[in-house]
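This report refers to the structure that appears directly beneath it.
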Amino acid sequence: MTDVSALVHRFYDVLWNRWDDDAVATTLHPDLRFRGSLGQETVGLGEWRAYRDGVRRGSSDFHNEVVDLVADGDRGAARLVWSGTHDGVLVGIEGTGRRFSYAGAAFFTARDSLLADIWVVGDLEGLRRQLT
């Protein structure tokens with residue numbers, strides 16, 4: 001059985017917080033379907049990397065904090081807080097240099113011992129208020 005909890009922590013701690021591309025193949029399924037907290041949807045590892053790298057251009061110190069995580073079988077759900085400095089375009093808003101923090105949740109499905117489907121929602125209205 002897949003350890004979804006370990007995959008979710010690796011997804012956020014390694015692929016996002018450390019921006020480590022070497023761990024992508026051991027964490028994410030090649031056919032990954034991803035919907036990010038900023039609303040974009042991607043299919044495949046290349047599109048996911050482009051999304052993640054776009055977030056990094058908008059906030060070079062973007063950080064993910066897993067507050068709560070529940071896993072059962074090949075599924076998991078997490079409560080998250082994202083934070084960073086708005087130093088580039090993020091949600092269509094030019095960089096302001098402001099610090100931000102917003103909350104959300106993510107839902108995960110694993111297949112073949114890798115994360116295959118990730119659906120994330122975030123408080124975009126709260127984020128926009130902090131950036132404008």
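Chains: A, B, ... in order of the structure tokens. Residues: from 1 per chain. Ligands: from 1, in order shown.
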Which parts of stretch 2-109 of chain A does DSSP call strand (DSSP E) when run on the backbone here, written out as JSON, numbers by chain?
{"A": [28, 29, 30, 31, 32, 33, 34, 35, 41, 42, 43, 63, 64, 65, 66, 67, 68, 69, 70, 71, 72, 75, 76, 77, 78, 79, 80, 81, 82, 83, 84, 85, 99, 100, 101, 102, 103, 104, 105, 106, 107, 108, 109]}
Residues within 12 Å of stretch 106-121 of chain A, only C-alpha atoms, excluding chain neighbours under 6 positions, as an MDAnalysis selection string:
chainID A and resid 1:12 23:45 48 64:82
Name the closest residue to A:Asp22 among the candidates A:Val55, A:Phe100, A:Gly95, A:Arg49; distances are taken between atoms, counting only C-alpha atoms.
A:Arg49
Please compute the atom CA of A:Arg52-atom CA of A:Val14 distance, one decimal, in Å.
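Spanning atom CA of A:Arg52 to atom CA of A:Val14 is a straight-line distance of 12.4 Å.
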Excluding same-chain residues fewer than 6 positions from A:Asp53, what lies within 12 Å of it counting only C-alpha atoms, as a list of chain:residue names?
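Result of the neighbour search: A:Leu15, A:Trp16, A:Asn17, A:Trp19, A:Asp20, A:Asp21, A:Leu45, A:Gly46, A:Glu47, A:Ser59, A:Ser60, A:Asp61, A:Phe62, A:Gly88, A:Val89, A:Leu90.
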Keeping N, CA, C and O atoms, export the residues of the selection given above as a PDB file, in the first residue's frame.
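As written to disk, out.pdb reads:
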```pdb
ATOM      1  N   LEU A  15       9.636  19.055  -3.204  1.00  0.00           N
ATOM      2  CA  LEU A  15       9.375  19.583  -4.539  1.00  0.00           C
ATOM      3  C   LEU A  15       9.055  21.075  -4.525  1.00  0.00           C
ATOM      4  O   LEU A  15       9.400  21.796  -5.462  1.00  0.00           O
ATOM      5  N   TRP A  16       8.388  21.545  -3.467  1.00  0.00           N
ATOM      6  CA  TRP A  16       8.044  22.966  -3.378  1.00  0.00           C
ATOM      7  C   TRP A  16       9.025  23.748  -2.516  1.00  0.00           C
ATOM      8  O   TRP A  16       9.655  24.680  -2.994  1.00  0.00           O
ATOM      9  N   ASN A  17       9.147  23.415  -1.258  1.00  0.00           N
ATOM     10  CA  ASN A  17       9.953  24.249  -0.358  1.00  0.00           C
ATOM     11  C   ASN A  17      11.436  24.233  -0.696  1.00  0.00           C
ATOM     12  O   ASN A  17      12.123  25.229  -0.484  1.00  0.00           O
ATOM     13  N   TRP A  19      12.408  23.209  -3.895  1.00  0.00           N
ATOM     14  CA  TRP A  19      12.422  23.344  -5.356  1.00  0.00           C
ATOM     15  C   TRP A  19      13.325  22.274  -5.989  1.00  0.00           C
ATOM     16  O   TRP A  19      14.095  22.546  -6.911  1.00  0.00           O
ATOM     17  N   ASP A  20      13.244  21.042  -5.486  1.00  0.00           N
ATOM     18  CA  ASP A  20      14.135  19.959  -5.893  1.00  0.00           C
ATOM     19  C   ASP A  20      13.507  19.135  -7.018  1.00  0.00           C
ATOM     20  O   ASP A  20      12.661  18.284  -6.779  1.00  0.00           O
ATOM     21  N   ASP A  21      13.963  19.361  -8.247  1.00  0.00           N
ATOM     22  CA  ASP A  21      13.429  18.627  -9.393  1.00  0.00           C
ATOM     23  C   ASP A  21      13.871  17.171  -9.414  1.00  0.00           C
ATOM     24  O   ASP A  21      13.246  16.344 -10.073  1.00  0.00           O
ATOM     25  N   LEU A  45       3.983  16.114 -15.982  1.00  0.00           N
ATOM     26  CA  LEU A  45       5.034  16.699 -15.144  1.00  0.00           C
ATOM     27  C   LEU A  45       5.559  18.018 -15.688  1.00  0.00           C
ATOM     28  O   LEU A  45       5.881  18.931 -14.923  1.00  0.00           O
ATOM     29  N   GLY A  46       5.652  18.159 -16.998  1.00  0.00           N
ATOM     30  CA  GLY A  46       6.128  19.409 -17.586  1.00  0.00           C
ATOM     31  C   GLY A  46       5.212  20.581 -17.276  1.00  0.00           C
ATOM     32  O   GLY A  46       5.681  21.662 -16.892  1.00  0.00           O
ATOM     33  N   GLU A  47       3.907  20.366 -17.420  1.00  0.00           N
ATOM     34  CA  GLU A  47       2.954  21.444 -17.109  1.00  0.00           C
ATOM     35  C   GLU A  47       2.969  21.763 -15.621  1.00  0.00           C
ATOM     36  O   GLU A  47       2.880  22.923 -15.230  1.00  0.00           O
ATOM     37  N   SER A  59       6.882  34.659  -6.298  1.00  0.00           N
ATOM     38  CA  SER A  59       7.300  34.692  -4.892  1.00  0.00           C
ATOM     39  C   SER A  59       8.502  33.767  -4.732  1.00  0.00           C
ATOM     40  O   SER A  59       8.337  32.558  -4.564  1.00  0.00           O
ATOM     41  N   SER A  60       9.686  34.336  -4.791  1.00  0.00           N
ATOM     42  CA  SER A  60      10.906  33.523  -4.780  1.00  0.00           C
ATOM     43  C   SER A  60      11.104  32.747  -3.483  1.00  0.00           C
ATOM     44  O   SER A  60      11.848  31.768  -3.449  1.00  0.00           O
ATOM     45  N   ASP A  61      10.411  33.154  -2.409  1.00  0.00           N
ATOM     46  CA  ASP A  61      10.523  32.429  -1.131  1.00  0.00           C
ATOM     47  C   ASP A  61       9.208  31.748  -0.743  1.00  0.00           C
ATOM     48  O   ASP A  61       8.954  31.491   0.422  1.00  0.00           O
ATOM     49  N   PHE A  62       8.383  31.427  -1.745  1.00  0.00           N
ATOM     50  CA  PHE A  62       7.087  30.779  -1.516  1.00  0.00           C
ATOM     51  C   PHE A  62       7.287  29.542  -0.641  1.00  0.00           C
ATOM     52  O   PHE A  62       8.162  28.717  -0.888  1.00  0.00           O
ATOM     53  N   GLY A  88       7.162  39.190  -7.692  1.00  0.00           N
ATOM     54  CA  GLY A  88       6.934  39.056  -9.130  1.00  0.00           C
ATOM     55  C   GLY A  88       5.440  38.941  -9.369  1.00  0.00           C
ATOM     56  O   GLY A  88       4.643  39.074  -8.443  1.00  0.00           O
ATOM     57  N   VAL A  89       5.055  38.681 -10.611  1.00  0.00           N
ATOM     58  CA  VAL A  89       3.633  38.584 -10.946  1.00  0.00           C
ATOM     59  C   VAL A  89       3.030  37.341 -10.289  1.00  0.00           C
ATOM     60  O   VAL A  89       3.524  36.234 -10.457  1.00  0.00           O
ATOM     61  N   LEU A  90       1.964  37.566  -9.526  1.00  0.00           N
ATOM     62  CA  LEU A  90       1.240  36.488  -8.853  1.00  0.00           C
ATOM     63  C   LEU A  90      -0.238  36.817  -8.943  1.00  0.00           C
ATOM     64  O   LEU A  90      -0.625  37.956  -8.660  1.00  0.00           O
TER      65      LEU A  90
END
```
Just give me the gap between atom CA of A:Glu125 and atom CA of A:His63 in Å, one decimal is fine.
18.6 Å
Calculate how many Å separate atom CA of A:Tyr51 from atom CA of A:Asp123, rounding to one decimal.
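Atom-to-atom, atom CA of A:Tyr51 to atom CA of A:Asp123, that is 17.8 Å.
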Which of these residues is nearest to A:Ser83, using only C-alpha atoms: A:Arg128, A:Arg56, A:Thr96, A:Ser101?
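Using only C-alpha atoms, the shortest distance to A:Ser83 belongs to A:Ser101.
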